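Visitor: Pasting a structure here, questions to come.
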Amino acid sequence: MRVEDEEIRDDARVARALQSLPGSSPASLQRVRARIAFTRARSLGERLEDRRAGAGSRDFPRWRGLRLIAMGAAAGTLAAAGLQVARVSLEPVGPTPVALASTLGSSQGWEIHTSIPNVALSFDGTGTVEGQSDAPQIKWDSGLINVEVTPERDVRLALFTREAEVRVVGTGFTVLRDSLGTRIDVRHGRVEVDCGEDATVALEAGDGLLCLPQSAAGLLGRARALQAAGAPSADALAALDRGLAIVGPQAAVRDELVVRRIRALFDLSRHGEVIDAARAYTASGGGGRQSDVEKIAAASASVLGGCAVAAPWLLDAGANAVAACEGG
(Lines give C-alpha, C1' and ligand atoms only; values in the text may rest on other atoms or scores of the structure.)
Protein backbone atom coordinates (compact mmCIF):
# COMPACT_ATOMS: atom_id res chain seq x y z
CA MET A 1 0.00 0.00 0.00
CA ARG A 2 1.25 3.51 -0.84
CA VAL A 3 2.21 5.96 1.89
CA GLU A 4 -0.52 8.38 0.69
CA ASP A 5 -3.18 5.71 1.16
CA GLU A 6 -1.87 4.95 4.64
CA GLU A 7 -2.11 8.60 5.58
CA ILE A 8 -5.71 8.89 4.26
CA ARG A 9 -6.68 5.85 6.29
CA ASP A 10 -5.04 7.32 9.42
CA ASP A 11 -6.90 10.60 8.97
CA ALA A 12 -10.18 8.71 8.80
CA ARG A 13 -9.34 6.80 11.98
CA VAL A 14 -8.37 10.03 13.76
CA ALA A 15 -11.57 11.73 12.67
CA ARG A 16 -13.72 8.88 13.97
CA ALA A 17 -11.82 8.82 17.27
CA LEU A 18 -12.31 12.55 17.80
CA GLN A 19 -16.01 12.64 16.97
CA SER A 20 -16.86 11.42 20.47
CA LEU A 21 -14.43 13.79 22.18
CA PRO A 22 -15.53 17.26 23.22
CA GLY A 23 -13.57 20.28 22.15
CA SER A 24 -11.30 18.63 19.55
CA SER A 25 -8.78 20.92 17.95
CA PRO A 26 -6.24 20.70 15.06
CA ALA A 27 -3.47 20.20 17.63
CA SER A 28 -5.27 17.27 19.23
CA LEU A 29 -5.82 15.86 15.75
CA GLN A 30 -2.05 15.99 15.12
CA ARG A 31 -1.29 14.33 18.47
CA VAL A 32 -3.65 11.43 17.86
CA ARG A 33 -2.41 11.05 14.32
CA ALA A 34 1.24 10.91 15.51
CA ARG A 35 0.36 8.28 18.12
CA ILE A 36 -1.30 6.06 15.52
CA ALA A 37 1.66 6.45 13.15
CA PHE A 38 4.07 5.51 15.92
CA THR A 39 2.08 2.42 16.83
CA ARG A 40 1.85 1.39 13.17
CA ALA A 41 5.60 1.84 12.67
CA ARG A 42 6.44 -0.27 15.74
CA SER A 43 4.03 -2.98 14.65
CA LEU A 44 5.61 -3.01 11.21
CA GLY A 45 9.08 -3.35 12.72
CA GLU A 46 7.98 -6.28 14.88
CA ARG A 47 6.46 -8.02 11.85
CA LEU A 48 9.65 -7.55 9.87
CA GLU A 49 11.73 -9.07 12.64
CA ASP A 50 9.38 -12.07 12.71
CA ARG A 51 9.69 -12.47 8.96
CA ARG A 52 13.46 -12.24 9.23
CA ALA A 53 13.45 -15.24 11.55
CA GLY A 54 11.15 -17.13 9.16
CA ALA A 55 12.77 -16.40 5.82
CA GLY A 56 10.38 -18.74 4.02
CA SER A 57 7.37 -16.40 4.16
CA ARG A 58 6.21 -14.66 1.02
CA ASP A 59 6.90 -11.21 2.52
CA PHE A 60 10.56 -11.98 3.17
CA PRO A 61 11.79 -10.44 -0.12
CA ARG A 62 10.07 -7.17 0.90
CA TRP A 63 11.87 -7.24 4.25
CA ARG A 64 15.16 -7.93 2.51
CA GLY A 65 14.56 -5.01 0.19
CA LEU A 66 13.81 -2.70 3.11
CA ARG A 67 16.94 -3.89 4.85
CA LEU A 68 19.07 -3.23 1.79
CA ILE A 69 17.58 0.26 1.51
CA ALA A 70 18.43 0.89 5.15
CA MET A 71 21.99 -0.39 4.63
CA GLY A 72 22.38 1.85 1.60
CA ALA A 73 21.16 4.85 3.56
CA ALA A 74 23.62 4.08 6.36
CA ALA A 75 26.49 3.72 3.89
CA GLY A 76 25.55 7.04 2.34
CA THR A 77 25.57 8.68 5.74
CA LEU A 78 29.03 7.34 6.52
CA ALA A 79 30.34 8.44 3.14
CA ALA A 80 28.94 11.93 3.70
CA ALA A 81 30.81 12.04 7.00
CA GLY A 82 34.09 11.27 5.22
CA LEU A 83 34.27 7.65 6.37
CA GLN A 84 35.09 4.66 4.16
CA VAL A 85 32.67 1.77 3.89
CA ALA A 86 34.44 -1.56 3.68
CA ARG A 87 33.43 -3.83 0.80
CA VAL A 88 32.77 -7.48 1.44
CA SER A 89 33.61 -9.71 -1.52
CA LEU A 90 30.88 -12.13 -2.44
CA GLU A 91 33.13 -14.08 -4.84
CA PRO A 92 33.69 -17.72 -3.83
CA VAL A 93 37.12 -18.44 -2.44
CA GLY A 94 38.89 -21.27 -4.29
CA PRO A 95 40.69 -24.13 -2.57
CA THR A 96 44.14 -23.41 -1.19
CA PRO A 97 46.83 -24.73 -3.57
CA VAL A 98 48.67 -27.78 -2.30
CA ALA A 99 52.09 -29.16 -3.20
CA LEU A 100 52.24 -32.02 -5.69
CA ALA A 101 54.76 -34.85 -5.69
CA SER A 102 53.98 -38.12 -7.41
CA THR A 103 55.52 -40.55 -9.87
CA LEU A 104 53.91 -41.53 -13.14
CA GLY A 105 54.77 -45.00 -14.31
CA SER A 106 53.00 -47.75 -16.23
CA SER A 107 54.23 -51.28 -16.46
CA GLN A 108 51.19 -52.98 -17.99
CA GLY A 109 49.75 -50.54 -20.50
CA TRP A 110 47.64 -47.43 -20.00
CA GLU A 111 47.07 -45.93 -16.57
CA ILE A 112 45.00 -42.95 -15.34
CA HIS A 113 46.05 -40.24 -12.90
CA THR A 114 43.33 -38.00 -11.42
CA SER A 115 44.87 -36.61 -8.22
CA ILE A 116 45.41 -33.11 -9.69
CA PRO A 117 42.26 -30.92 -9.38
CA ASN A 118 40.80 -30.04 -12.82
CA VAL A 119 43.46 -32.13 -14.61
CA ALA A 120 43.11 -35.66 -15.98
CA LEU A 121 46.10 -37.67 -17.21
CA SER A 122 46.20 -40.98 -19.05
CA PHE A 123 49.57 -42.36 -19.98
CA ASP A 124 51.74 -45.25 -21.06
CA GLY A 125 55.26 -44.27 -20.04
CA THR A 126 57.14 -42.64 -17.20
CA GLY A 127 57.43 -39.20 -15.61
CA THR A 128 56.78 -37.19 -12.47
CA VAL A 129 54.32 -34.55 -11.22
CA GLU A 130 55.57 -31.56 -9.21
CA GLY A 131 54.60 -27.94 -8.47
CA GLN A 132 51.30 -26.75 -6.99
CA SER A 133 47.75 -27.94 -7.63
CA ASP A 134 46.96 -24.67 -9.46
CA ALA A 135 50.25 -24.79 -11.42
CA PRO A 136 51.23 -28.44 -11.89
CA GLN A 137 54.50 -29.32 -13.61
CA ILE A 138 54.73 -32.63 -15.44
CA LYS A 139 58.22 -33.86 -16.26
CA TRP A 140 57.74 -36.51 -18.92
CA ASP A 141 60.61 -38.94 -19.57
CA SER A 142 59.31 -41.29 -22.23
CA GLY A 143 56.16 -42.73 -23.72
CA LEU A 144 52.74 -41.31 -24.56
CA ILE A 145 50.66 -39.08 -22.26
CA ASN A 146 47.23 -37.52 -22.79
CA VAL A 147 46.44 -34.34 -20.84
CA GLU A 148 43.00 -32.79 -20.23
CA VAL A 149 42.78 -29.46 -18.39
CA THR A 150 39.35 -28.13 -17.42
CA PRO A 151 39.00 -24.66 -18.95
CA GLU A 152 38.31 -21.48 -16.95
CA ARG A 153 39.61 -22.92 -13.67
CA ASP A 154 42.86 -20.89 -13.62
CA VAL A 155 45.06 -23.98 -13.86
CA ARG A 156 48.46 -23.09 -15.34
CA LEU A 157 49.86 -26.45 -16.34
CA ALA A 158 53.28 -26.97 -17.90
CA LEU A 159 54.76 -30.17 -19.30
CA PHE A 160 58.50 -30.61 -19.81
CA THR A 161 60.59 -33.10 -21.78
CA ARG A 162 64.25 -32.89 -22.78
CA GLU A 163 63.19 -31.32 -26.07
CA ALA A 164 60.08 -29.30 -25.30
CA GLU A 165 58.14 -27.15 -22.86
CA VAL A 166 54.36 -27.10 -23.28
CA ARG A 167 52.25 -24.46 -21.48
CA VAL A 168 48.50 -24.68 -21.37
CA VAL A 169 45.38 -23.21 -19.75
CA GLY A 170 42.24 -25.25 -20.45
CA THR A 171 42.80 -27.67 -23.29
CA GLY A 172 43.45 -31.26 -24.29
CA PHE A 173 46.64 -32.46 -25.93
CA THR A 174 48.89 -35.49 -26.39
CA VAL A 175 52.65 -35.75 -25.95
CA LEU A 176 54.74 -38.60 -27.30
CA ARG A 177 58.39 -38.72 -26.36
CA ASP A 178 60.63 -41.34 -27.90
CA SER A 179 63.97 -41.60 -29.68
CA LEU A 180 62.75 -39.35 -32.48
CA GLY A 181 62.04 -36.42 -30.14
CA THR A 182 58.87 -34.98 -28.56
CA ARG A 183 55.66 -34.85 -30.58
CA ILE A 184 52.81 -32.57 -29.44
CA ASP A 185 49.29 -32.87 -30.88
CA VAL A 186 46.44 -30.59 -29.77
CA ARG A 187 42.93 -32.08 -29.63
CA HIS A 188 41.15 -28.90 -28.54
CA GLY A 189 42.02 -25.53 -27.06
CA ARG A 190 45.42 -23.89 -27.45
CA VAL A 191 48.95 -24.51 -26.20
CA GLU A 192 52.30 -22.76 -26.44
CA VAL A 193 55.41 -24.84 -27.16
CA ASP A 194 59.11 -24.04 -26.82
CA CYS A 195 61.47 -26.39 -28.66
CA GLY A 196 64.86 -25.57 -27.20
CA GLU A 197 66.36 -22.64 -29.08
CA ASP A 198 63.36 -22.20 -31.40
CA ALA A 199 60.85 -19.42 -30.90
CA THR A 200 57.62 -20.12 -29.01
CA VAL A 201 55.02 -21.72 -31.27
CA ALA A 202 51.25 -21.46 -30.64
CA LEU A 203 49.29 -24.58 -31.56
CA GLU A 204 45.53 -24.66 -32.10
CA ALA A 205 43.14 -27.63 -32.23
CA GLY A 206 44.32 -30.08 -34.89
CA ASP A 207 47.90 -28.76 -34.98
CA GLY A 208 50.98 -30.85 -34.27
CA LEU A 209 54.68 -30.20 -33.77
CA LEU A 210 57.80 -32.33 -33.40
CA CYS A 211 60.59 -30.99 -31.18
CA LEU A 212 63.92 -32.57 -32.10
CA PRO A 213 66.48 -33.73 -29.52
CA GLN A 214 68.85 -31.02 -28.33
CA SER A 215 71.81 -33.14 -27.23
CA ALA A 216 74.37 -35.10 -29.28
CA ALA A 217 73.28 -38.34 -27.60
CA GLY A 218 69.64 -37.56 -28.29
CA LEU A 219 70.34 -36.84 -31.95
CA LEU A 220 72.29 -40.09 -32.23
CA GLY A 221 69.30 -41.90 -30.79
CA ARG A 222 67.05 -40.20 -33.34
CA ALA A 223 69.36 -41.27 -36.19
CA ARG A 224 69.38 -44.87 -34.95
CA ALA A 225 65.59 -44.92 -34.70
CA LEU A 226 65.22 -43.52 -38.22
CA GLN A 227 67.62 -46.06 -39.68
CA ALA A 228 65.95 -48.93 -37.84
CA ALA A 229 62.55 -47.80 -39.15
CA GLY A 230 63.82 -47.65 -42.73
CA ALA A 231 63.36 -43.89 -42.97
CA PRO A 232 65.12 -41.99 -45.76
CA SER A 233 68.87 -41.89 -45.16
CA ALA A 234 68.77 -38.12 -45.66
CA ASP A 235 66.70 -37.76 -42.47
CA ALA A 236 69.22 -39.79 -40.46
CA LEU A 237 72.08 -37.83 -42.00
CA ALA A 238 70.48 -34.54 -40.95
CA ALA A 239 70.26 -35.73 -37.33
CA LEU A 240 73.86 -36.98 -37.38
CA ASP A 241 75.19 -33.72 -38.84
CA ARG A 242 73.34 -31.75 -36.18
CA GLY A 243 74.76 -33.99 -33.46
CA LEU A 244 78.32 -33.63 -34.75
CA ALA A 245 77.90 -29.85 -34.81
CA ILE A 246 77.37 -29.74 -31.03
CA VAL A 247 79.35 -32.73 -29.74
CA GLY A 248 82.66 -32.21 -27.95
CA PRO A 249 85.87 -33.49 -29.56
CA GLN A 250 86.50 -35.99 -26.79
CA ALA A 251 82.94 -37.16 -26.26
CA ALA A 252 82.43 -40.91 -26.31
CA VAL A 253 79.40 -40.50 -28.55
CA ARG A 254 81.47 -38.81 -31.29
CA ASP A 255 82.81 -42.05 -32.81
CA GLU A 256 79.33 -43.48 -33.17
CA LEU A 257 78.07 -40.29 -34.81
CA VAL A 258 80.96 -40.33 -37.33
CA VAL A 259 80.56 -43.98 -38.26
CA ARG A 260 76.82 -43.72 -38.72
CA ARG A 261 77.25 -40.58 -40.80
CA ILE A 262 79.72 -42.36 -43.11
CA ARG A 263 77.24 -45.22 -43.42
CA ALA A 264 74.40 -42.80 -44.26
CA LEU A 265 76.57 -41.21 -46.97
CA PHE A 266 77.23 -44.66 -48.42
CA ASP A 267 73.50 -45.46 -48.45
CA LEU A 268 72.95 -42.21 -50.38
CA SER A 269 75.65 -43.26 -52.92
CA ARG A 270 77.74 -40.22 -52.00
CA HIS A 271 80.91 -42.30 -52.28
CA GLY A 272 83.35 -39.44 -52.71
CA GLU A 273 82.17 -37.95 -49.41
CA VAL A 274 82.53 -41.39 -47.82
CA ILE A 275 86.21 -41.51 -48.79
CA ASP A 276 86.82 -37.95 -47.56
CA ALA A 277 85.12 -38.63 -44.23
CA ALA A 278 87.03 -41.90 -43.80
CA ARG A 279 90.37 -40.21 -44.47
CA ALA A 280 89.55 -37.44 -41.97
CA TYR A 281 88.67 -40.07 -39.37
CA THR A 282 91.91 -42.04 -39.80
CA ALA A 283 94.03 -38.87 -39.98
CA SER A 284 92.71 -37.80 -36.58
CA GLY A 285 94.00 -41.00 -35.05
CA GLY A 286 90.80 -42.93 -35.51
CA GLY A 287 88.99 -44.51 -32.65
CA GLY A 288 87.32 -47.67 -31.59
CA ARG A 289 85.45 -47.91 -34.89
CA GLN A 290 88.50 -47.77 -37.22
CA SER A 291 87.87 -51.13 -38.85
CA ASP A 292 84.21 -50.30 -39.51
CA VAL A 293 85.16 -47.05 -41.22
CA GLU A 294 87.76 -48.81 -43.40
CA LYS A 295 85.26 -51.41 -44.58
CA ILE A 296 82.71 -48.76 -45.60
CA ALA A 297 85.46 -46.74 -47.33
CA ALA A 298 86.67 -49.84 -49.17
CA ALA A 299 83.16 -50.51 -50.44
CA SER A 300 82.82 -46.94 -51.72
CA ALA A 301 86.32 -47.06 -53.25
CA SER A 302 85.49 -50.22 -55.13
CA VAL A 303 82.41 -48.54 -56.57
CA LEU A 304 84.50 -45.56 -57.66
CA GLY A 305 87.56 -47.38 -59.08
CA GLY A 306 87.47 -51.08 -58.40
CA CYS A 307 89.83 -53.07 -56.25
CA ALA A 308 92.84 -51.00 -57.17
CA VAL A 309 91.30 -48.00 -55.44
CA ALA A 310 89.85 -50.11 -52.65
CA ALA A 311 93.10 -51.98 -51.86
CA PRO A 312 94.58 -49.38 -49.48
CA TRP A 313 91.45 -49.64 -47.34
CA LEU A 314 91.70 -53.44 -47.29
CA LEU A 315 95.35 -53.80 -46.24
CA ASP A 316 94.56 -54.01 -42.57
CA ALA A 317 91.99 -56.69 -43.37
CA GLY A 318 94.78 -58.96 -44.70
CA ALA A 319 95.79 -60.50 -48.01
CA ASN A 320 92.70 -62.67 -48.14
CA ALA A 321 90.47 -59.63 -48.24
CA VAL A 322 92.47 -58.09 -51.09
CA ALA A 323 92.41 -61.36 -53.01
CA ALA A 324 88.70 -61.70 -52.48
CA CYS A 325 88.17 -58.22 -53.89
CA GLU A 326 90.34 -58.94 -56.92
CA GLY A 327 88.72 -62.30 -57.41
CA GLY A 328 85.20 -60.95 -57.02
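Chain labels A, B, ... are given in the sequence in which chains occur in the C-alpha coordinates; within each chain residues are numbered consecutively from 1, and ligands are likewise numbered from 1 in the order shown.
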Could you please write out, as a PyMOL selection string, every residue of region 130-295 of chain A that DSSP assigns to strand (DSSP E or B)?
Guide: chain A and resi 130-132+135-149+157-160+165-168+172-178+181-188+190-194+201-204+208-211
Visitor: Using only C-alpha atoms, which protein or nucleic acid residues come within 12 Å of Thr174 (chain A)? Drop anything in the same chain fewer than 2 positions from it, and give the result as a JSON list (two decimals) with N, CA and C atoms, in the first residue's frame.
Guide:
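Dumped everything to result_30.json:
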```
[["chain", "number", "residue", "atom", "x", "y", "z"],
["A", 120, "ALA", "N", 43.18, -34.21, -15.82],
["A", 120, "ALA", "CA", 43.11, -35.66, -15.98],
["A", 120, "ALA", "C", 44.25, -36.11, -16.89],
["A", 121, "LEU", "N", 44.98, -37.13, -16.45],
["A", 121, "LEU", "CA", 46.10, -37.67, -17.21],
["A", 121, "LEU", "C", 45.86, -39.15, -17.50],
["A", 122, "SER", "N", 46.13, -39.56, -18.72],
["A", 122, "SER", "CA", 46.20, -40.98, -19.05],
["A", 122, "SER", "C", 47.50, -41.19, -19.80],
["A", 123, "PHE", "N", 48.22, -42.26, -19.47],
["A", 123, "PHE", "CA", 49.57, -42.36, -19.98],
["A", 123, "PHE", "C", 50.02, -43.81, -20.10],
["A", 124, "ASP", "N", 51.03, -43.99, -20.93],
["A", 124, "ASP", "CA", 51.74, -45.25, -21.06],
["A", 124, "ASP", "C", 53.21, -44.88, -21.19],
["A", 140, "TRP", "N", 58.03, -35.27, -18.20],
["A", 140, "TRP", "CA", 57.74, -36.51, -18.92],
["A", 140, "TRP", "C", 59.03, -37.06, -19.52],
["A", 143, "GLY", "N", 57.47, -42.14, -23.52],
["A", 143, "GLY", "CA", 56.16, -42.73, -23.72],
["A", 143, "GLY", "C", 55.13, -41.71, -24.16],
["A", 144, "LEU", "N", 53.86, -42.12, -24.08],
["A", 144, "LEU", "CA", 52.74, -41.31, -24.56],
["A", 144, "LEU", "C", 51.89, -40.87, -23.37],
["A", 145, "ILE", "N", 51.52, -39.60, -23.34],
["A", 145, "ILE", "CA", 50.66, -39.08, -22.26],
["A", 145, "ILE", "C", 49.59, -38.18, -22.86],
["A", 146, "ASN", "N", 48.35, -38.37, -22.41],
["A", 146, "ASN", "CA", 47.23, -37.52, -22.79],
["A", 146, "ASN", "C", 46.90, -36.61, -21.61],
["A", 147, "VAL", "N", 46.70, -35.33, -21.89],
["A", 147, "VAL", "CA", 46.44, -34.34, -20.84],
["A", 147, "VAL", "C", 45.13, -33.62, -21.14],
["A", 148, "GLU", "N", 44.25, -33.55, -20.14],
["A", 148, "GLU", "CA", 43.00, -32.79, -20.23],
["A", 148, "GLU", "C", 42.95, -31.80, -19.07],
["A", 149, "VAL", "N", 42.87, -30.51, -19.40],
["A", 149, "VAL", "CA", 42.78, -29.46, -18.39],
["A", 149, "VAL", "C", 41.42, -28.79, -18.50],
["A", 159, "LEU", "N", 54.19, -28.83, -19.13],
["A", 159, "LEU", "CA", 54.76, -30.17, -19.30],
["A", 159, "LEU", "C", 56.14, -30.01, -19.93],
["A", 166, "VAL", "N", 55.72, -27.34, -22.82],
["A", 166, "VAL", "CA", 54.36, -27.10, -23.28],
["A", 166, "VAL", "C", 53.61, -26.40, -22.17],
["A", 168, "VAL", "N", 49.90, -24.57, -20.99],
["A", 168, "VAL", "CA", 48.50, -24.68, -21.37],
["A", 168, "VAL", "C", 47.60, -24.14, -20.26],
["A", 171, "THR", "N", 42.73, -27.04, -21.98],
["A", 171, "THR", "CA", 42.80, -27.67, -23.29],
["A", 171, "THR", "C", 43.02, -29.16, -23.13],
["A", 172, "GLY", "N", 43.12, -29.85, -24.28],
["A", 172, "GLY", "CA", 43.45, -31.26, -24.29],
["A", 172, "GLY", "C", 44.51, -31.51, -25.34],
["A", 176, "LEU", "N", 54.02, -37.34, -27.11],
["A", 176, "LEU", "CA", 54.74, -38.60, -27.30],
["A", 176, "LEU", "C", 56.22, -38.30, -27.31],
["A", 177, "ARG", "N", 56.94, -38.88, -26.36],
["A", 177, "ARG", "CA", 58.39, -38.72, -26.36],
["A", 177, "ARG", "C", 59.04, -40.08, -26.57],
["A", 182, "THR", "N", 60.14, -35.18, -29.28],
["A", 182, "THR", "CA", 58.87, -34.98, -28.56],
["A", 182, "THR", "C", 57.83, -34.47, -29.54],
["A", 183, "ARG", "N", 56.74, -35.22, -29.66],
["A", 183, "ARG", "CA", 55.66, -34.85, -30.58],
["A", 183, "ARG", "C", 54.47, -34.36, -29.76],
["A", 184, "ILE", "N", 53.97, -33.16, -30.11],
["A", 184, "ILE", "CA", 52.81, -32.57, -29.44],
["A", 184, "ILE", "C", 51.67, -32.46, -30.43],
["A", 185, "ASP", "N", 50.50, -32.98, -30.07],
["A", 185, "ASP", "CA", 49.29, -32.87, -30.88],
["A", 185, "ASP", "C", 48.17, -32.31, -30.02],
["A", 186, "VAL", "N", 47.50, -31.26, -30.52],
["A", 186, "VAL", "CA", 46.44, -30.59, -29.77],
["A", 186, "VAL", "C", 45.09, -31.11, -30.24],
["A", 187, "ARG", "N", 44.28, -31.60, -29.30],
["A", 187, "ARG", "CA", 42.93, -32.08, -29.63],
["A", 187, "ARG", "C", 41.94, -30.93, -29.62],
["A", 188, "HIS", "N", 42.02, -30.08, -28.61],
["A", 188, "HIS", "CA", 41.15, -28.90, -28.54],
["A", 188, "HIS", "C", 41.82, -27.86, -27.64],
["A", 191, "VAL", "N", 47.76, -24.36, -27.02],
["A", 191, "VAL", "CA", 48.95, -24.51, -26.20],
["A", 191, "VAL", "C", 50.08, -23.69, -26.81],
["A", 205, "ALA", "N", 43.74, -26.31, -32.08],
["A", 205, "ALA", "CA", 43.14, -27.63, -32.23],
["A", 205, "ALA", "C", 43.47, -28.19, -33.62],
["A", 206, "GLY", "N", 43.96, -29.43, -33.63],
["A", 206, "GLY", "CA", 44.32, -30.08, -34.89],
["A", 206, "GLY", "C", 45.76, -29.90, -35.31],
["A", 207, "ASP", "N", 46.50, -28.99, -34.64],
["A", 207, "ASP", "CA", 47.90, -28.76, -34.98],
["A", 207, "ASP", "C", 48.80, -29.77, -34.28],
["A", 208, "GLY", "N", 49.97, -29.98, -34.86],
["A", 208, "GLY", "CA", 50.98, -30.85, -34.27],
["A", 208, "GLY", "C", 52.36, -30.29, -34.51],
["A", 209, "LEU", "N", 53.31, -30.69, -33.66],
["A", 209, "LEU", "CA", 54.68, -30.20, -33.77],
["A", 209, "LEU", "C", 55.63, -31.25, -33.20],
["A", 210, "LEU", "N", 56.76, -31.42, -33.88],
["A", 210, "LEU", "CA", 57.80, -32.33, -33.40],
["A", 210, "LEU", "C", 59.00, -31.51, -32.96]]
```
Visitor: Please measure the separation of CA of Ala217 (chain A) and CA of Thr161 (chain A), giving the value in Å to one decimal.
Guide: 14.9 Å
Visitor: Could you state the separation of CA of Ala101 (chain A) and CA of Val129 (chain A) in Å, given to one decimal place?
Guide: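 Separation between CA of Ala101 (chain A) and CA of Val129 (chain A): 5.6 Å.
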Visitor: From the list A:Leu240, A:Cys307, A:Ile246, A:Ala283, which residue is nearest Ala264 (chain A) when using only C-alpha atoms?
Guide: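 Checking each candidate against Ala264 (chain A), we get A:Leu240 as the closest.
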Visitor: Please identify all polymer residues within 7 Å of Val193 (chain A), counting only C-alpha atoms, omitting same-chain residues fewer than 3 positions from it, and present them as a ChimeraX atom specification.
Guide: /A:164-167,200-202
Visitor: Next, dump the selected residues to file, keeping only N, CA and C atoms, as a PDB file, in the first residue's frame.
Guide:
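And here's result_17.pdb as it stands now:
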```pdb
ATOM      1  N   ALA A 164      61.197 -30.236 -25.167  1.00  0.00           N
ATOM      2  CA  ALA A 164      60.079 -29.303 -25.303  1.00  0.00           C
ATOM      3  C   ALA A 164      59.549 -28.845 -23.951  1.00  0.00           C
ATOM      4  N   GLU A 165      58.924 -27.668 -23.986  1.00  0.00           N
ATOM      5  CA  GLU A 165      58.143 -27.154 -22.858  1.00  0.00           C
ATOM      6  C   GLU A 165      56.781 -26.761 -23.405  1.00  0.00           C
ATOM      7  N   VAL A 166      55.724 -27.341 -22.824  1.00  0.00           N
ATOM      8  CA  VAL A 166      54.360 -27.100 -23.278  1.00  0.00           C
ATOM      9  C   VAL A 166      53.606 -26.396 -22.171  1.00  0.00           C
ATOM     10  N   ARG A 167      53.023 -25.235 -22.468  1.00  0.00           N
ATOM     11  CA  ARG A 167      52.254 -24.463 -21.479  1.00  0.00           C
ATOM     12  C   ARG A 167      50.804 -24.393 -21.939  1.00  0.00           C
ATOM     13  N   THR A 200      58.864 -19.529 -29.510  1.00  0.00           N
ATOM     14  CA  THR A 200      57.625 -20.118 -29.014  1.00  0.00           C
ATOM     15  C   THR A 200      56.617 -20.264 -30.157  1.00  0.00           C
ATOM     16  N   VAL A 201      55.987 -21.427 -30.214  1.00  0.00           N
ATOM     17  CA  VAL A 201      55.018 -21.721 -31.270  1.00  0.00           C
ATOM     18  C   VAL A 201      53.659 -21.939 -30.617  1.00  0.00           C
ATOM     19  N   ALA A 202      52.624 -21.275 -31.130  1.00  0.00           N
ATOM     20  CA  ALA A 202      51.251 -21.461 -30.640  1.00  0.00           C
ATOM     21  C   ALA A 202      50.570 -22.510 -31.505  1.00  0.00           C
TER      22      ALA A 202
END
```
